[in-house]
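Novice: Have a peek at target-v1.cif (mmCIF, C-alpha atoms).
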data_my_file
loop_
_atom_site.label_atom_id
_atom_site.label_comp_id
_atom_site.auth_asym_id
_atom_site.auth_seq_id
_atom_site.Cartn_x
_atom_site.Cartn_y
_atom_site.Cartn_z
CA MET A 1 -58.02 -30.64 -17.09
CA ARG A 2 -56.55 -28.23 -19.62
CA ARG A 3 -58.89 -25.71 -21.18
CA ARG A 4 -56.87 -22.94 -22.76
CA ARG A 5 -55.32 -23.20 -26.21
CA ILE A 6 -51.60 -22.82 -25.63
CA GLY A 7 -49.72 -21.99 -28.81
CA ILE A 8 -47.01 -19.98 -30.49
CA GLY A 9 -46.60 -17.06 -32.81
CA PHE A 10 -45.67 -18.64 -36.12
CA ARG A 11 -42.23 -17.74 -37.48
CA ARG A 12 -40.88 -19.39 -40.62
CA GLU A 13 -37.71 -20.37 -38.75
CA LEU A 14 -39.90 -22.56 -36.53
CA ALA A 15 -41.67 -24.40 -39.37
CA ASP A 16 -39.56 -27.58 -39.17
CA TRP A 17 -39.65 -27.60 -35.38
CA LEU A 18 -43.42 -27.24 -35.49
CA LYS A 19 -43.83 -30.35 -37.66
CA ASN A 20 -42.18 -32.43 -34.94
CA HIS A 21 -43.81 -30.82 -31.91
CA ARG A 22 -47.44 -30.71 -32.91
CA GLN A 23 -48.44 -32.15 -29.53
CA LEU A 24 -47.11 -29.05 -27.71
CA VAL A 25 -49.02 -26.53 -29.82
CA ASP A 26 -52.80 -26.11 -29.62
CA SER A 27 -53.02 -22.95 -31.70
CA ILE A 28 -51.02 -20.74 -34.01
CA GLU A 29 -50.94 -16.98 -34.18
CA ILE A 30 -50.06 -15.66 -37.62
CA THR A 31 -48.60 -12.20 -38.09
CA ALA A 32 -50.55 -10.80 -41.01
CA GLU A 33 -47.78 -8.62 -42.41
CA HIS A 34 -45.48 -11.64 -42.77
CA PHE A 35 -47.83 -12.87 -45.52
CA PHE A 36 -48.66 -9.60 -47.27
CA GLY A 37 -46.52 -10.60 -50.27
CA PHE A 38 -49.14 -13.24 -51.19
CA ASP A 39 -46.55 -15.34 -53.02
CA PRO A 40 -47.53 -18.94 -53.83
CA THR A 41 -45.32 -20.42 -51.08
CA GLY A 42 -46.72 -18.09 -48.44
CA ASN A 43 -50.27 -18.67 -49.58
CA ARG A 44 -49.87 -22.45 -49.39
CA LEU A 45 -48.35 -22.13 -45.93
CA LEU A 46 -51.23 -19.98 -44.72
CA GLY A 47 -53.75 -22.51 -45.99
CA LYS A 48 -51.89 -25.39 -44.36
CA LEU A 49 -51.58 -23.61 -41.01
CA GLY A 50 -55.29 -22.83 -41.15
CA ALA A 51 -56.10 -26.45 -41.92
CA ASP A 52 -53.81 -27.92 -39.25
CA PHE A 53 -54.42 -25.56 -36.31
CA PRO A 54 -56.91 -23.17 -34.82
CA THR A 55 -55.39 -19.83 -35.87
CA PHE A 56 -55.52 -16.19 -34.78
CA VAL A 57 -54.33 -13.47 -37.16
CA HIS A 58 -52.37 -10.63 -35.59
CA GLY A 59 -51.69 -7.25 -37.20
CA LEU A 60 -48.86 -4.81 -36.60
CA GLY A 61 -49.50 -1.99 -39.01
CA LEU A 62 -53.16 -0.98 -39.15
CA SER A 63 -52.35 1.86 -36.75
CA LEU A 64 -55.77 1.90 -35.14
CA GLY A 65 -54.87 4.92 -33.00
CA THR A 66 -54.25 7.20 -35.96
CA PRO A 67 -57.16 9.58 -36.60
CA GLY A 68 -58.79 9.39 -40.00
CA PRO A 69 -59.57 6.46 -42.27
CA LEU A 70 -57.68 3.21 -41.99
CA CYS A 71 -55.35 2.40 -44.84
CA GLU A 72 -57.67 0.61 -47.25
CA LYS A 73 -54.96 -1.47 -48.88
CA THR A 74 -53.54 -2.66 -45.55
CA LEU A 75 -57.01 -3.53 -44.30
CA GLU A 76 -57.78 -5.45 -47.48
CA ARG A 77 -54.55 -7.46 -47.15
CA PHE A 78 -55.19 -8.06 -43.46
CA ALA A 79 -58.70 -9.40 -44.11
CA ARG A 80 -57.38 -11.57 -46.93
CA VAL A 81 -54.79 -13.19 -44.64
CA ALA A 82 -57.50 -13.79 -42.02
CA ASP A 83 -59.66 -15.54 -44.62
CA MET A 84 -56.83 -17.63 -46.02
CA ALA A 85 -55.76 -18.74 -42.55
CA ASN A 86 -59.34 -19.40 -41.49
CA ALA A 87 -58.70 -17.27 -38.41
CA GLN A 88 -60.86 -17.70 -35.31
CA TRP A 89 -60.35 -14.03 -34.50
CA VAL A 90 -58.10 -11.16 -35.51
CA SER A 91 -56.06 -8.84 -33.34
CA GLU A 92 -54.27 -5.51 -33.43
CA HIS A 93 -52.75 -3.05 -30.96
CA ILE A 94 -54.05 -0.15 -28.93
CA ALA A 95 -51.42 2.11 -30.41
CA PHE A 96 -50.42 4.14 -33.40
CA THR A 97 -47.56 3.33 -35.74
CA ARG A 98 -47.92 6.23 -38.14
CA SER A 99 -49.37 9.64 -38.64
CA GLY A 100 -50.60 10.97 -41.96
CA GLU A 101 -47.05 11.91 -42.83
CA VAL A 102 -44.59 9.60 -41.13
CA ASP A 103 -44.55 5.85 -40.67
CA LEU A 104 -42.71 5.04 -37.45
CA GLY A 105 -43.01 1.33 -38.10
CA HIS A 106 -43.38 0.37 -34.44
CA LEU A 107 -45.98 0.73 -31.73
CA ASN A 108 -46.44 3.99 -29.87
CA PRO A 109 -48.80 4.94 -27.07
CA ILE A 110 -52.04 6.81 -27.53
CA HIS A 111 -53.47 9.39 -25.19
CA PHE A 112 -56.19 7.76 -23.09
CA ASP A 113 -59.07 10.20 -23.57
CA ALA A 114 -62.54 10.37 -25.09
CA ASN A 115 -61.20 11.42 -28.46
CA SER A 116 -58.81 8.47 -28.77
CA LEU A 117 -61.58 6.20 -27.57
CA GLU A 118 -63.84 7.34 -30.42
CA ILE A 119 -61.08 6.68 -32.94
CA LEU A 120 -60.26 3.21 -31.58
CA VAL A 121 -63.91 2.18 -31.32
CA ASP A 122 -64.58 3.26 -34.89
CA HIS A 123 -61.47 1.53 -36.24
CA ALA A 124 -62.03 -1.70 -34.28
CA ARG A 125 -65.56 -1.91 -35.66
CA GLN A 126 -64.29 -1.35 -39.19
CA VAL A 127 -61.77 -4.18 -38.81
CA ALA A 128 -64.42 -6.52 -37.38
CA ASP A 129 -66.82 -5.70 -40.22
CA ARG A 130 -64.24 -6.10 -42.94
CA CYS A 131 -62.82 -9.35 -41.55
CA ASN A 132 -66.21 -10.64 -40.44
CA ARG A 133 -64.52 -11.83 -37.27
CA LYS A 134 -64.21 -10.94 -33.63
CA VAL A 135 -61.48 -8.39 -32.94
CA VAL A 136 -59.25 -8.48 -29.88
CA LEU A 137 -56.98 -5.55 -29.06
CA GLU A 138 -53.65 -5.62 -27.32
CA ASN A 139 -52.10 -3.43 -24.64
CA ILE A 140 -48.59 -2.27 -25.52
CA THR A 141 -45.48 -1.50 -23.57
CA SER A 142 -44.04 1.97 -23.85
CA ALA A 143 -41.36 4.06 -22.25
CA LEU A 144 -43.65 7.05 -22.67
CA ARG A 145 -46.79 7.53 -20.59
CA PHE A 146 -49.13 10.47 -20.61
CA GLU A 147 -50.82 11.96 -17.59
CA THR A 148 -54.47 11.42 -18.48
CA ALA A 149 -57.74 11.79 -16.65
CA MET A 150 -58.83 8.37 -17.89
CA ARG A 151 -56.94 5.37 -16.55
CA GLU A 152 -55.64 2.81 -19.04
CA THR A 153 -57.86 0.11 -17.54
CA GLU A 154 -60.92 2.34 -17.73
CA PHE A 155 -60.09 3.08 -21.37
CA LEU A 156 -59.69 -0.63 -22.20
CA ASN A 157 -62.97 -1.64 -20.55
CA GLU A 158 -64.85 1.13 -22.31
CA LEU A 159 -63.21 0.25 -25.63
CA CYS A 160 -64.27 -3.40 -25.29
CA ARG A 161 -67.80 -2.43 -24.31
CA ARG A 162 -68.36 0.11 -27.07
CA ALA A 163 -66.54 -1.66 -29.90
CA GLY A 164 -67.77 -5.12 -28.95
CA CYS A 165 -64.20 -6.35 -29.02
CA GLY A 166 -62.09 -8.37 -26.60
CA LEU A 167 -58.74 -7.77 -24.98
CA LEU A 168 -55.52 -9.44 -26.00
CA LEU A 169 -53.72 -9.03 -22.71
CA ASP A 170 -49.98 -9.03 -23.22
CA VAL A 171 -48.94 -10.14 -19.76
CA THR A 172 -45.30 -9.41 -20.48
CA ASN A 173 -46.15 -5.85 -21.49
CA LEU A 174 -48.17 -5.44 -18.30
CA PHE A 175 -45.27 -6.81 -16.27
CA ILE A 176 -42.74 -4.54 -18.00
CA ASN A 177 -44.90 -1.42 -17.70
CA SER A 178 -45.56 -2.14 -14.03
CA ARG A 179 -41.83 -2.39 -13.34
CA ASN A 180 -40.74 0.57 -15.47
CA HIS A 181 -43.58 2.86 -14.38
CA ARG A 182 -43.92 1.48 -10.86
CA PHE A 183 -47.46 0.29 -10.39
CA ASP A 184 -49.02 -2.89 -9.09
CA PRO A 185 -49.91 -5.20 -12.02
CA ARG A 186 -52.43 -7.11 -9.89
CA LYS A 187 -54.32 -3.93 -9.11
CA TRP A 188 -54.26 -3.06 -12.82
CA LEU A 189 -55.56 -6.53 -13.67
CA ASN A 190 -58.35 -6.31 -11.11
CA GLU A 191 -59.58 -3.13 -12.78
CA ILE A 192 -60.09 -4.99 -16.07
CA GLU A 193 -63.46 -6.70 -16.56
CA PRO A 194 -62.40 -10.38 -16.65
CA GLU A 195 -64.83 -11.29 -19.41
CA ASN A 196 -62.98 -8.88 -21.73
CA ILE A 197 -59.80 -10.95 -21.68
CA VAL A 198 -59.83 -13.36 -24.63
CA GLN A 199 -56.21 -14.06 -25.43
CA LEU A 200 -52.81 -13.63 -23.78
CA HIS A 201 -49.37 -12.89 -25.19
CA VAL A 202 -46.45 -14.09 -23.14
CA VAL A 203 -42.66 -14.17 -23.56
CA GLY A 204 -39.78 -13.54 -21.20
CA TYR A 205 -38.80 -9.93 -20.64
CA SER A 206 -35.33 -8.47 -21.29
CA ARG A 207 -33.55 -6.19 -18.89
CA LYS A 208 -30.83 -3.56 -19.16
CA GLY A 209 -29.89 -1.67 -16.00
CA ASN A 210 -33.12 -0.82 -14.24
CA THR A 211 -35.21 -0.88 -17.40
CA ASN A 212 -37.21 -3.79 -18.77
CA PHE A 213 -37.81 -4.36 -22.48
CA ASP A 214 -39.99 -6.48 -24.71
CA ARG A 215 -37.45 -7.96 -27.12
CA HIS A 216 -39.29 -11.27 -27.38
CA ALA A 217 -35.94 -12.94 -26.82
CA GLN A 218 -36.00 -14.62 -23.42
CA PRO A 219 -37.59 -17.65 -21.79
CA ILE A 220 -40.39 -16.89 -19.32
CA GLN A 221 -38.99 -15.94 -15.91
CA ASP A 222 -40.51 -17.20 -12.64
CA ASP A 223 -41.90 -13.82 -11.53
CA LEU A 224 -43.60 -13.39 -14.89
CA LEU A 225 -44.96 -16.94 -14.75
CA GLU A 226 -46.48 -16.12 -11.38
CA LEU A 227 -48.34 -13.16 -12.93
CA ILE A 228 -49.53 -15.38 -15.81
CA GLY A 229 -50.91 -17.77 -13.19
CA ILE A 230 -52.78 -14.91 -11.54
CA VAL A 231 -54.31 -13.99 -14.91
CA PHE A 232 -55.28 -17.65 -15.49
CA GLU A 233 -57.13 -17.62 -12.16
CA TYR A 234 -58.76 -14.27 -12.92
CA ALA A 235 -60.11 -14.67 -16.44
CA ALA A 236 -61.45 -17.42 -18.68
CA VAL A 237 -58.78 -16.93 -21.30
CA GLU A 238 -59.33 -18.84 -24.55
CA GLY A 239 -55.91 -18.62 -26.15
CA VAL A 240 -52.35 -18.15 -24.92
CA THR A 241 -49.61 -17.33 -27.42
CA LEU A 242 -45.90 -17.59 -26.77
CA GLU A 243 -44.53 -14.69 -28.74
CA ARG A 244 -40.88 -15.35 -29.46
CA ASP A 245 -39.01 -13.41 -32.17
CA GLU A 246 -35.36 -13.68 -31.19
CA HIS A 247 -33.06 -16.64 -30.53
CA LEU A 248 -35.48 -18.89 -32.37
CA GLN A 249 -32.77 -21.52 -32.64
CA ALA A 250 -33.14 -22.07 -28.87
CA THR A 251 -36.06 -24.43 -29.41
CA ASP A 252 -35.35 -26.11 -26.07
CA GLU A 253 -36.35 -22.82 -24.39
CA ILE A 254 -39.51 -22.61 -26.48
CA GLU A 255 -40.46 -26.20 -25.62
CA SER A 256 -39.78 -25.57 -21.95
CA ASP A 257 -41.96 -22.44 -21.97
CA LEU A 258 -44.82 -24.27 -23.68
CA ARG A 259 -44.60 -27.07 -21.12
CA LYS A 260 -44.64 -24.58 -18.26
CA LEU A 261 -47.72 -22.88 -19.68
CA ARG A 262 -49.50 -26.20 -20.18
CA ALA A 263 -48.68 -27.26 -16.63
CA LEU A 264 -49.91 -23.92 -15.29
CA ASP A 265 -53.10 -24.32 -17.30
CA GLU A 266 -53.72 -27.72 -15.72
CA GLN A 267 -52.98 -26.46 -12.21
CA THR A 268 -55.36 -23.52 -12.50
CA GLY A 269 -58.15 -25.60 -14.05
CA MET B 1 -36.98 14.49 -42.69
CA ASN B 2 -37.84 12.17 -45.53
CA ARG B 3 -41.61 11.82 -45.69
CA PRO B 4 -42.67 8.46 -47.12
CA ALA B 5 -44.38 8.64 -50.46
CA ASP B 6 -46.01 5.23 -50.09
CA PRO B 7 -49.44 5.43 -51.68
CA ASP B 8 -50.70 2.82 -49.20
CA LEU B 9 -50.46 5.28 -46.32
CA PRO B 10 -53.63 7.02 -45.23
CA ASN B 11 -53.32 10.62 -46.25
CA SER B 12 -56.68 12.08 -45.55
CA PRO B 13 -57.01 12.02 -41.79
CA GLY B 14 -59.98 13.69 -40.22
CA GLY B 15 -61.55 14.12 -36.82
CA GLY B 16 -60.10 15.38 -33.54
CA GLY B 17 -56.66 14.50 -32.28
CA ARG B 18 -55.14 14.50 -35.76
CA HIS B 19 -52.69 17.27 -35.00
CA PHE B 20 -51.79 15.77 -31.63
CA VAL B 21 -50.91 12.41 -33.17
CA GLN B 22 -49.06 14.14 -35.99
CA LEU B 23 -46.99 16.14 -33.52
CA LEU B 24 -46.34 13.09 -31.37
CA ALA B 25 -45.16 11.16 -34.43
CA ASP B 26 -42.88 14.03 -35.42
CA LEU B 27 -41.55 14.30 -31.87
CA LEU B 28 -40.66 10.63 -31.93
CA ALA B 29 -39.20 10.76 -35.42
CA ASP B 30 -37.12 13.89 -35.29
CA PRO B 31 -34.78 15.07 -32.50
CA ARG B 32 -35.07 18.63 -33.82
CA VAL B 33 -38.79 18.66 -33.03
CA ARG B 34 -38.02 17.35 -29.53
CA ASP B 35 -35.59 20.25 -29.07
CA GLU B 36 -38.33 22.60 -30.14
CA LEU B 37 -40.69 21.17 -27.53
CA VAL B 38 -38.10 22.03 -24.88
CA HIS B 39 -37.10 25.46 -26.14
CA SER B 40 -40.12 26.95 -27.90
CA PRO B 41 -43.20 24.85 -27.16
CA GLN B 42 -45.75 27.58 -27.84
CA GLU B 43 -44.55 28.03 -31.42
CA LEU B 44 -44.69 24.28 -31.88
CA PHE B 45 -48.21 24.02 -30.46
CA ALA B 46 -49.39 26.86 -32.67
CA ARG B 47 -47.93 25.27 -35.78
CA TYR B 48 -49.76 22.00 -35.06
CA GLU B 49 -52.94 23.78 -33.98
CA LEU B 50 -53.18 21.90 -30.69
CA THR B 51 -56.12 22.44 -28.37
CA VAL B 52 -55.42 23.72 -24.87
CA PRO B 53 -55.88 20.27 -23.23
CA GLU B 54 -53.53 18.78 -25.83
CA GLN B 55 -50.98 21.46 -25.05
CA ARG B 56 -51.28 20.77 -21.33
CA SER B 57 -50.71 17.09 -21.93
CA LEU B 58 -47.55 17.66 -23.93
CA GLU B 59 -46.27 20.23 -21.44
CA ALA B 60 -46.50 17.52 -18.80
CA VAL B 61 -44.65 14.92 -20.87
CA ASN B 62 -41.58 13.48 -19.24
CA MET B 63 -38.83 14.38 -21.74
CA GLN B 64 -36.69 11.47 -20.61
CA GLN B 65 -39.52 9.06 -21.42
CA LEU B 66 -40.10 10.74 -24.77
CA GLU B 67 -36.43 10.42 -25.63
CA GLU B 68 -36.38 6.77 -24.53
CA GLN B 69 -39.43 5.99 -26.67
CA ALA B 70 -37.78 7.69 -29.66
CA GLN B 71 -34.56 5.79 -29.06
CA SER B 72 -36.45 2.51 -28.80
CA LEU B 73 -37.80 3.03 -32.34
CA ILE B 74 -34.28 3.49 -33.70
CA ARG B 75 -32.99 0.58 -31.62
CA LYS B 76 -35.64 -1.79 -33.02
CA ARG B 77 -34.80 -0.73 -36.56
CA TRP B 78 -31.08 -1.16 -35.89
CA HIS B 79 -31.58 -4.71 -34.60
CA ALA B 80 -33.74 -5.60 -37.61
CA VAL B 81 -31.33 -4.10 -40.14
CA ALA B 82 -28.30 -5.68 -38.45
CA ARG B 83 -29.90 -9.09 -38.91
CA LEU B 84 -30.52 -8.47 -42.61
CA ILE B 85 -27.13 -6.99 -43.57
CA PRO B 86 -24.72 -8.40 -40.97
CA ASP B 87 -21.65 -8.16 -43.22
CA THR B 88 -22.21 -4.47 -43.82
CA ILE B 89 -22.87 -3.74 -40.16
CA GLY B 90 -19.79 -5.75 -39.18
CA SER B 91 -17.51 -4.04 -41.70
CA GLY B 92 -16.80 -0.94 -39.61
CA PRO B 93 -16.29 -0.11 -35.95
CA GLN B 94 -19.55 -0.91 -34.10
CA LYS B 95 -19.81 2.54 -32.54
CA GLU B 96 -19.34 4.29 -35.87
CA MET B 97 -21.83 2.02 -37.66
CA ARG B 98 -24.41 2.62 -34.95
CA SER B 99 -23.84 6.35 -35.16
CA LEU B 100 -24.14 6.35 -38.98
CA PHE B 101 -27.34 4.34 -38.74
CA GLU B 102 -28.81 6.76 -36.23
CA PHE B 103 -28.00 9.71 -38.48
CA TYR B 104 -29.64 7.92 -41.43
CA ALA B 105 -32.58 6.55 -39.44
CA THR B 106 -33.74 9.84 -37.96
CA ARG B 107 -34.05 11.22 -41.51
CA HIS B 108 -35.58 8.23 -43.30
CA TRP B 109 -38.70 6.37 -42.21
CA PRO B 110 -39.52 3.65 -44.72
CA GLY B 111 -43.22 2.96 -44.97
CA ASP B 112 -43.93 -0.46 -46.38
CA PHE B 113 -44.89 -3.84 -44.96
CA ARG B 114 -41.37 -4.95 -46.02
CA ARG B 115 -40.01 -2.04 -44.01
CA HIS B 116 -37.03 -3.83 -42.46
CA TRP B 117 -35.79 -4.96 -45.87
CA LEU B 118 -36.45 -1.52 -47.29
CA ASP B 119 -34.67 0.05 -44.33
CA ALA B 120 -31.61 -2.14 -44.95
CA HIS B 121 -31.70 -1.28 -48.67
CA GLU B 122 -31.95 2.45 -48.02
CA PHE B 123 -29.18 2.34 -45.42
CA LEU B 124 -26.88 0.68 -47.99
CA ARG B 125 -27.74 3.40 -50.48
CA PHE B 126 -27.10 6.05 -47.84
CA LEU B 127 -23.63 4.61 -47.18
CA ASP B 128 -22.81 4.59 -50.89
CA ALA B 129 -24.23 8.06 -51.49
CA ASN B 130 -21.95 9.42 -48.80
CA ASP B 131 -18.87 7.54 -50.08
CA LEU B 132 -18.66 5.48 -46.94
CA PRO B 133 -16.83 2.23 -47.73
CA TYR B 134 -19.01 -0.14 -45.72
CA ALA B 135 -21.84 -1.42 -47.94
CA ASN B 136 -21.22 -5.11 -48.62
CA ALA B 137 -21.43 -5.94 -52.35
CA GLY B 138 -23.25 -9.24 -51.86
CA GLU B 139 -25.85 -7.70 -49.56
CA LYS B 140 -26.35 -4.79 -51.98
CA LYS B 141 -26.91 -7.20 -54.83
CA LYS B 142 -29.38 -9.26 -52.81
CA LEU B 143 -31.47 -6.23 -51.83
CA SER B 144 -31.27 -4.68 -55.29
CA ARG B 145 -32.92 -7.83 -56.64
CA ILE B 146 -35.88 -7.13 -54.35
CA PHE B 147 -36.19 -3.36 -54.76
CA GLY B 148 -34.47 -2.72 -58.09
#
Give the structure from the file, written as structure tokens.
Specialist:
Amino acid sequence: MRRRRIGIGFRRELADWLKNHRQLVDSIEITAEHFFGFDPTGNRLLGKLGADFPTFVHGLGLSLGTPGPLCEKTLERFARVADMANAQWVSEHIAFTRSGEVDLGHLNPIHFDANSLEILVDHARQVADRCNRKVVLENITSALRFETAMRETEFLNELCRRAGCGLLLDVTNLFINSRNHRFDPRKWLNEIEPENIVQLHVVGYSRKGNTNFDRHAQPIQDDLLELIGIVFEYAAVEGVTLERDEHLQATDEIESDLRKLRALDEQTG
Amino acid sequence: MNRPADPDLPNSPGGGGRHFVQLLADLLADPRVRDELVHSPQELFARYELTVPEQRSLEAVNMQQLEEQAQSLIRKRWHAVARLIPDTIGSGPQKEMRSLFEFYATRHWPGDFRRHWLDAHEFLRFLDANDLPYANAGEKKKLSRIFG
């Protein structure tokens, strides 16, 4: 019996495909920034997605790891998208995308220490309060890793405990980090409190030379699927989102990935 | 480096770690700051008022990883911009276009939720401002309609 909501990250290029493949998609993840224009077409789409599917709203630019106050305007827009989409929960990253002076536009790693923990806890609570929804936070992949006294897993557990949030475990990011930085992803997983894991992100990894990347461009590979299965066995995950951003015209690959995930969900019970 | 003037950005940070994150952002944004970390780290740490543990952490940073992370930011922007203005990107030799973009991108960091469109728009303006004959007229017109 299937129990997890298997779905996709909504991209406008997939709108027509989605109409004809409703039976493969249990949930939709909406990227908040894609709707920050609040034009009539986008607003209608948000409302329709919220009416047709259970939705999760995912943010890219709140920069929760940046010290100081969150950007009020971004937070207001984020909460508005969550309301319009009737989101079940909202999510962001354990990362920073900007400092006070420069906006890097993409996710960068934070230093796992008590100071960063304070900042993340405070910001996660602010997002939960403003959105009036549960917050789940995502692990990122990064070429850069700091030597820190606190392990990443310890940091994540403490963050969930103190902020009252959940973990959006990006299994692909875990897989990529474990390959690039040479650690055992199963050991990492076993250090995470299973009840913290609420949602998963999955998509095939990309590879160049000996380095793995998260380009969101590939179908799920067998070794990654095996790790997803291990996570399914380990934690009572509520939602699983296929996060594809490239080669969206390859809908056969997307359908195949969704079927694989649904089959895995049934097998792991 | 071009600092974004977007009023949406938080500009009144407070609390510990501010200078560390600021320096890390500048290290990732600007190759000249990365050079400084290699050649005169103490001056850099003093300028950003880092604590001793923060200094230790940056002294232990793997420079190859730092460079790769910085490159990944430019690479992601390049892929996004190439999708938005393919005719411009395809109008010159690939290696030269990539090199021009890298020069532009390490000096301009657009801060807006439409950042990829803004990035493409600013790159077109950069090409024109430097009399480089690559900006596609149709793509310029399309982006000018959005940003004026």
Novice: Select residues of chain A: the criterion is any atom within 6 Å of an atom of chain B, counting only C-alpha atoms; output as JSON, numbers by chain.
Specialist: {"A": [67, 68, 71, 99, 100, 102, 103, 143, 144]}
Novice: Write to file, as an mmCIF file, keeping the file's coordinate frame, the residues of the selection just made, with C-alpha atoms.
Specialist:
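Below is the file selection-v8.cif, written as the result:
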data_model
loop_
_atom_site.group_PDB
_atom_site.id
_atom_site.type_symbol
_atom_site.label_atom_id
_atom_site.label_comp_id
_atom_site.auth_asym_id
_atom_site.auth_seq_id
_atom_site.Cartn_x
_atom_site.Cartn_y
_atom_site.Cartn_z
ATOM 1 C CA PRO A 67 -57.160 9.580 -36.600
ATOM 2 C CA GLY A 68 -58.790 9.390 -40.000
ATOM 3 C CA CYS A 71 -55.350 2.400 -44.840
ATOM 4 C CA SER A 99 -49.370 9.640 -38.640
ATOM 5 C CA GLY A 100 -50.600 10.970 -41.960
ATOM 6 C CA VAL A 102 -44.590 9.600 -41.130
ATOM 7 C CA ASP A 103 -44.550 5.850 -40.670
ATOM 8 C CA ALA A 143 -41.360 4.060 -22.250
ATOM 9 C CA LEU A 144 -43.650 7.050 -22.670
#
Novice: For a test of reading the model, state the distance in Å between atom CA of Asn212 of chain A and atom CA of Asn108 of chain A, rounded to one decimal.
Specialist: 16.4 Å
Novice: Run the PyMOL selection byres ((chain A and resi 48-57) around 10) mentally over the shown coordinates, then write out the matched residues as a PyMOL selection string, using the chain letters and numbers from the document.
Specialist: chain A and resi 5+7-10+22+25-33+42-47+58-59+78-79+81-92+135-136+199+239+241
Novice: Using only C-alpha atoms, which protein or nucleic acid residues come within 7 Å of segment 176-181 of chain A? Drop anything in the same chain fewer than 4 positions from it, and give the result as a list in words.
Specialist: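 Returned residues: Thr141, Thr172, Pro185, Thr211, Asn212 and Phe213 of chain A.
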Novice: Which residues, written as an MDAnalysis selection string, have at least one atom at most 10 Å from Ile146 of chain B, with all atoms listed in the file counted and residues fewer than 3 positions away on the same chain left out?
Specialist: chainID B and resid 117:118 121 141:143
Novice: Expand the PyMOL selection byres ((chain A and resi 122-131) around 7) into the explicit residue set it covers here, and present it as a count of residues only.
Specialist: 12
Novice: Env of Arg75 of chain B: 12 Å cut, atoms = only C-alpha atoms, seq-sep filter 4 positions within chain, self excluded. Answer as number ranges by chain.
Specialist: A: 105-106, 213, 215; B: 68-71, 79-82, 98-99, 101-102, 105-106
Novice: For the structure provided, state which residues fall under the PyMOL selection byres ((chain A and resi 107) around 10), and present them as a PyMOL selection string.
Specialist: (chain A and resi 60-61+63+65+93-98+104-106+108-110+140-142) or (chain B and resi 69+73)
Novice: Tell me, in Å to one decimal, how far atom CA of Trp188 of chain A is from atom CA of Glu152 of chain A.
Specialist: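 Atom CA of Glu152 of chain A lies 8.7 Å from atom CA of Trp188 of chain A.
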Novice: Please write out, as lines of an AutoDock Vina configuration file, where the centre of an axis-aligned box around all listed atoms of segment 86-97 of chain A lies and how long its edges are, in Å to one decimal, after adding 3 Å on each side.
Specialist:
center_x = -54.2
center_y = -7.6
center_z = -35.2
size_x = 19.3
size_y = 29.5
size_z = 18.6
Novice: Residues at most 10 Å from Ala149 of chain A, counting all atoms listed in the file, excluding those fewer than 6 positions away in the same chain, as a VMD selection string?
Specialist: chain A and resid 111 to 114
Novice: In the coordinate frame of the file, compute which residues have an atom within 6 Å of (-36.9, -12.3, -18.8) when using all atoms listed in the file, and state them as number ranges by chain.
Specialist: A: 204-206, 218, 220-221
Novice: Under the rule that all atoms listed in the file are counted, which of B:Pro53, B:Pro41, B:Gly148, B:Pro133 is the nearest residue to Ile89 of chain B?
Specialist: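 Closest to Ile89 of chain B of all the choices is B:Pro133.
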Novice: Excluding same-chain residues fewer than 2 positions from Pro86 of chain B, what lies within 12 Å of it counting all atoms listed in the file, as a PyMOL selection string?
Specialist: chain B and resi 78-84+88-92+94+97+120+124+134-136+138-140
Novice: Looking at A:Leu224, A:Glu266, A:Glu246, A:Leu200, which one is nearest to Asp170 of chain A, with distances taken over only C-alpha atoms?
Specialist: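 Looking only at the distances to Asp170 of chain A, the closest residue turns out to be A:Leu200.
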